[in-house]
Amino acid sequence: MRKTSLYAEHVALGARMVPFAGWEMPVQYKGIVDEHRAVRERVGLFDVSHMGELELTGAGALELVSSLITNDPTRVADGQAVYTCCCNEGGTILDDLIVYRRSPENMLVVCNASNRDKIATHFARAAEGRVSFRDASDATALLALQGPRALETLAAAGASVAVARELKSFRFRDAEVAGVPCTVARTGYTGEDGVELFAGWDDAPALFRALMTAGKAFGIEPVGLGARDTLRLEARLALYGNDIDDSTDPLEAGLGWTVKFDKPHFVGKEALLRLKAEGPRRALVGFEMRGRGIARHGYPLLDATGETIGLCTSGSPSPTLGKNIGLGYVPAALTAPGNRIFVDCRGKSIEAEIVPTPFYKRAR
């Protein structure tokens, strides 16, 4: 198991450490529900340094990255980021990414930890002989400061007004926070407002401690992977390996909005055009349990006759809503909100209802 540079901080705070994607990561500190509520109501701080950071530089970097992803970074300005899928030629998802456009000659790609080697190889091969490629993951730490008081915490830690109050959603800029040079991005994976901070690997402990100190006045809590999962599920944010993988395509996963078909070319375009023309056979939907039971990843989804019609990809109690919720793939004809399905919870058929998503959406 690899350890992030914040491992000692987690242990000192009483975190329960677990293996995740080859890393020893904190799953919880005080408890998943308490940490979840801290993010929804106040502010929470996550260590996500296990994520991968890939840099492509040189003339043509923007166009190369655009050719490998479904979204179109040529449409945004320097200092903006886009969420996107990266597909294979068959149109299925290799990973979901956030791509940061520093300039047309300088692009940053952030990928999931479990897919780092795969995506690094994919981009490095495409870059060969065209632009420079660097896997900067081992030199880069990443913290996520999330919640309605995240920006106040950032300001209290010494971020400038331009960063703490004026940075817009999916924008980023270089700054100093608590004397630590970093890149601050108005992005996140919780459904709440907040930022993600890229810093040098060895600088992360000082930045983490400074943010925890600055956030005391706002009720900050360190947050582990457990609450990260329940937060993202409430916001209907896909988890690679659960809701999406290389057997799913963006259209059926509800990520069609990331696919810009009017781009001249990107890997998987032809396959996705065919899938679009045919229409989806299934779709990823949200559901609420109506009977007593908790849907979990891998549980079969059934129709009223007991026939298996799909699979639960994510499921959990929702601390915010006080309901048991889930995501899963069902046939396209059954995706309308209000339709009833059943979840096979360890041999018991429990009624559920398809509902609109996201389950939770923060007030603006």
# chains A, B, ... in the order shown; residues from 1 in each chain; ligands from 1
>>> residues_around(residues="range 351-357 of chain A", least_positions_apart="6", cutoff="6 Å", atoms="only C-alpha atoms", output="ChimeraX atom specification")
/A:286-291,337-342
>>> residues_around(residues="Ala141 in chain A", least_positions_apart="3", cutoff="7 Å", atoms="only C-alpha atoms", output="PyMOL selection string")
chain A and resi 49+198-201+204
>>> write_last_selection(atoms="C-alpha atoms", output="JSON list (two decimals), in the first residue's frame")
[["chain", "number", "residue", "atom", "x", "y", "z"],
["A", 49, "SER", "CA", -3.70, 12.95, -3.21],
["A", 198, "PHE", "CA", -3.03, 21.19, -5.91],
["A", 199, "ALA", "CA", 0.24, 21.53, -4.01],
["A", 200, "GLY", "CA", 3.71, 20.04, -3.92],
["A", 201, "TRP", "CA", 3.80, 16.59, -2.33],
["A", 204, "ALA", "CA", 0.68, 19.28, 1.66]]
>>> closest_atom_pairs(of="range 21-92 of chain A", to="range 243-254 of chain A", cutoff="12 Å", atoms="only C-alpha atoms", output="CSV")
residue,atom,partner,partner_atom,distance
A:Ile69,CA,A:Pro250,CA,11.4
A:Thr70,CA,A:Pro250,CA,9.0
A:Asn71,CA,A:Pro250,CA,11.1
A:Thr84,CA,A:Pro250,CA,9.4
A:Cys85,CA,A:Pro250,CA,7.2
A:Cys86,CA,A:Pro250,CA,9.4
A:Cys87,CA,A:Asp249,CA,8.0
A:Asn88,CA,A:Asp246,CA,8.1
A:Glu89,CA,A:Asp246,CA,10.9
A:Gly90,CA,A:Asp249,CA,8.8
A:Gly91,CA,A:Asp249,CA,5.9
A:Thr92,CA,A:Asp249,CA,4.3
>>> write_last_selection(atoms="N, CA and C atoms", output="PDB file, in the first residue's frame")
ATOM      1  N   ILE A  69     -10.719  13.051 -25.581  1.00  0.00           N
ATOM      2  CA  ILE A  69     -11.827  13.166 -24.635  1.00  0.00           C
ATOM      3  C   ILE A  69     -13.106  13.549 -25.374  1.00  0.00           C
ATOM      4  N   THR A  70     -14.244  13.357 -24.712  1.00  0.00           N
ATOM      5  CA  THR A  70     -15.529  13.631 -25.351  1.00  0.00           C
ATOM      6  C   THR A  70     -15.910  15.105 -25.295  1.00  0.00           C
ATOM      7  N   ASN A  71     -15.524  15.801 -24.242  1.00  0.00           N
ATOM      8  CA  ASN A  71     -15.840  17.220 -24.129  1.00  0.00           C
ATOM      9  C   ASN A  71     -14.856  18.037 -24.960  1.00  0.00           C
ATOM     10  N   THR A  84     -15.260  15.537 -18.195  1.00  0.00           N
ATOM     11  CA  THR A  84     -15.346  14.825 -19.458  1.00  0.00           C
ATOM     12  C   THR A  84     -15.191  13.332 -19.256  1.00  0.00           C
ATOM     13  N   CYS A  85     -15.550  12.584 -20.270  1.00  0.00           N
ATOM     14  CA  CYS A  85     -15.229  11.163 -20.346  1.00  0.00           C
ATOM     15  C   CYS A  85     -14.069  10.967 -21.315  1.00  0.00           C
ATOM     16  N   CYS A  86     -13.325   9.929 -21.084  1.00  0.00           N
ATOM     17  CA  CYS A  86     -12.284   9.484 -22.005  1.00  0.00           C
ATOM     18  C   CYS A  86     -12.680   8.082 -22.447  1.00  0.00           C
ATOM     19  N   CYS A  87     -12.957   7.927 -23.740  1.00  0.00           N
ATOM     20  CA  CYS A  87     -13.508   6.668 -24.254  1.00  0.00           C
ATOM     21  C   CYS A  87     -12.508   5.914 -25.117  1.00  0.00           C
ATOM     22  N   ASN A  88     -12.780   4.636 -25.311  1.00  0.00           N
ATOM     23  CA  ASN A  88     -12.030   3.851 -26.282  1.00  0.00           C
ATOM     24  C   ASN A  88     -12.744   3.922 -27.628  1.00  0.00           C
ATOM     25  N   GLU A  89     -12.220   3.222 -28.619  1.00  0.00           N
ATOM     26  CA  GLU A  89     -12.807   3.284 -29.962  1.00  0.00           C
ATOM     27  C   GLU A  89     -14.227   2.729 -29.999  1.00  0.00           C
ATOM     28  N   GLY A  90     -14.558   1.860 -29.037  1.00  0.00           N
ATOM     29  CA  GLY A  90     -15.901   1.308 -28.982  1.00  0.00           C
ATOM     30  C   GLY A  90     -16.906   2.223 -28.311  1.00  0.00           C
ATOM     31  N   GLY A  91     -16.446   3.378 -27.822  1.00  0.00           N
ATOM     32  CA  GLY A  91     -17.344   4.349 -27.211  1.00  0.00           C
ATOM     33  C   GLY A  91     -17.616   4.120 -25.742  1.00  0.00           C
ATOM     34  N   THR A  92     -16.946   3.133 -25.124  1.00  0.00           N
ATOM     35  CA  THR A  92     -17.144   2.915 -23.691  1.00  0.00           C
ATOM     36  C   THR A  92     -16.066   3.652 -22.907  1.00  0.00           C
TER      37      THR A  92
END
>>> residues_around(residues="Ala126 in chain A", least_positions_apart="5", cutoff="9 Å", atoms="only C-alpha atoms", output="list of chain:residue names")
A:Leu64, A:Val65, A:Leu68, A:Thr121, A:Val131
>>> residues_around(residues="Leu154 in chain A", least_positions_apart="3", cutoff="8 Å", atoms="only C-alpha atoms", output="VMD selection string")
chain A and resid 150 to 151 157 to 159 164 177 211 214
>>> select_by_dssp(residues="range 28-220 of chain A", states="helix (DSSP H, G or I)", output="VMD selection string")
chain A and resid 32 to 41 61 to 68 73 to 75 113 to 127 137 to 139 150 to 156 161 to 164 201 to 218
>>> atom_distance(atom1="CA of Gly306 in chain A", atom2="CA of Leu275 in chain A")
29.1 Å
>>> closest_atom_pairs(of="range 109-198 of chain A", to="range 222-232 of chain A", cutoff="8 Å", atoms="only C-alpha atoms", output="tab-separated table")
residue	atom	partner	partner_atom	distance
A:Tyr189	CA	A:Arg232	CA	5.8
A:Thr190	CA	A:Arg232	CA	4.7
A:Gly191	CA	A:Arg232	CA	6.5
>>> write_last_selection(atoms="N, CA and C atoms", output="mmCIF file, in the first residue's frame")
data_model
loop_
_atom_site.group_PDB
_atom_site.id
_atom_site.type_symbol
_atom_site.label_atom_id
_atom_site.label_comp_id
_atom_site.auth_asym_id
_atom_site.auth_seq_id
_atom_site.Cartn_x
_atom_site.Cartn_y
_atom_site.Cartn_z
ATOM 1 N N TYR A 189 -16.331 17.151 -5.621
ATOM 2 C CA TYR A 189 -17.018 15.879 -5.883
ATOM 3 C C TYR A 189 -18.022 15.573 -4.778
ATOM 4 N N THR A 190 -18.673 16.633 -4.279
ATOM 5 C CA THR A 190 -19.561 16.462 -3.139
ATOM 6 C C THR A 190 -20.961 17.024 -3.363
ATOM 7 N N GLY A 191 -21.157 17.814 -4.408
ATOM 8 C CA GLY A 191 -22.415 18.511 -4.590
ATOM 9 C C GLY A 191 -22.491 19.813 -3.821
#
>>> select_by_dssp(residues="range 330-363 of chain A", states="strand (DSSP E or B)", output="compact mmCIF listing (two decimals) with C-alpha atoms, in the first residue's frame")
# COMPACT_ATOMS: atom_id res chain seq x y z
CA VAL A 330 -32.63 -0.46 -16.05
CA PRO A 331 -34.14 -0.91 -19.54
CA ARG A 340 -41.69 0.88 -9.43
CA ILE A 341 -38.88 -1.65 -9.38
CA PHE A 342 -37.63 -4.09 -6.76
CA VAL A 343 -34.18 -4.61 -5.28
CA ASP A 344 -32.96 -8.07 -4.40
CA CYS A 345 -31.46 -7.36 -0.96
CA LYS A 348 -35.50 -10.35 -0.17
CA SER A 349 -37.37 -8.38 -2.84
CA ILE A 350 -37.72 -4.79 -1.58
CA GLU A 351 -39.83 -2.22 -3.43
CA ALA A 352 -38.21 0.94 -4.79
CA GLU A 353 -39.32 3.88 -6.93
CA ILE A 354 -37.40 5.58 -9.73
CA VAL A 355 -36.97 9.28 -8.91
>>> residues_around(residues="range 112-115 of chain A", least_positions_apart="3", cutoff="7 Å", atoms="only C-alpha atoms", output="PyMOL selection string")
chain A and resi 21+50-52+95+118-119
>>> write_last_selection(atoms="N, CA and C atoms", output="short mmCIF file (atom, residue, chain, number, x, y, z; two decimals), in the first residue's frame")
data_model
loop_
_atom_site.label_atom_id
_atom_site.label_comp_id
_atom_site.auth_asym_id
_atom_site.auth_seq_id
_atom_site.Cartn_x
_atom_site.Cartn_y
_atom_site.Cartn_z
N ALA A 21 -7.53 1.46 -3.99
CA ALA A 21 -6.82 1.67 -5.26
C ALA A 21 -5.31 1.65 -5.09
N HIS A 50 -4.32 10.67 -3.83
CA HIS A 50 -4.15 9.44 -4.59
C HIS A 50 -4.56 9.61 -6.05
N MET A 51 -5.26 10.68 -6.39
CA MET A 51 -5.66 10.93 -7.77
C MET A 51 -4.43 11.13 -8.66
N GLY A 52 -4.61 10.91 -9.96
CA GLY A 52 -3.50 11.07 -10.90
C GLY A 52 -3.52 12.43 -11.58
N ASP A 95 -12.26 6.25 -18.43
CA ASP A 95 -12.23 6.98 -17.17
C ASP A 95 -13.04 8.26 -17.34
N LYS A 118 -3.47 3.18 -16.58
CA LYS A 118 -4.15 3.01 -17.87
C LYS A 118 -4.24 4.33 -18.62
N ILE A 119 -4.66 5.39 -17.93
CA ILE A 119 -4.84 6.68 -18.59
C ILE A 119 -3.49 7.32 -18.91
#
>>> residues_around(residues="Val18 in chain A", least_positions_apart="6", cutoff="12 Å", atoms="only C-alpha atoms", output="list in words")
Met1, Arg2, Lys3, Tyr7, His10, Val11, Glu24, Met25, Pro26, Val27, Gln28, Tyr29, Gly224, Leu225 and Gly226 of chain A
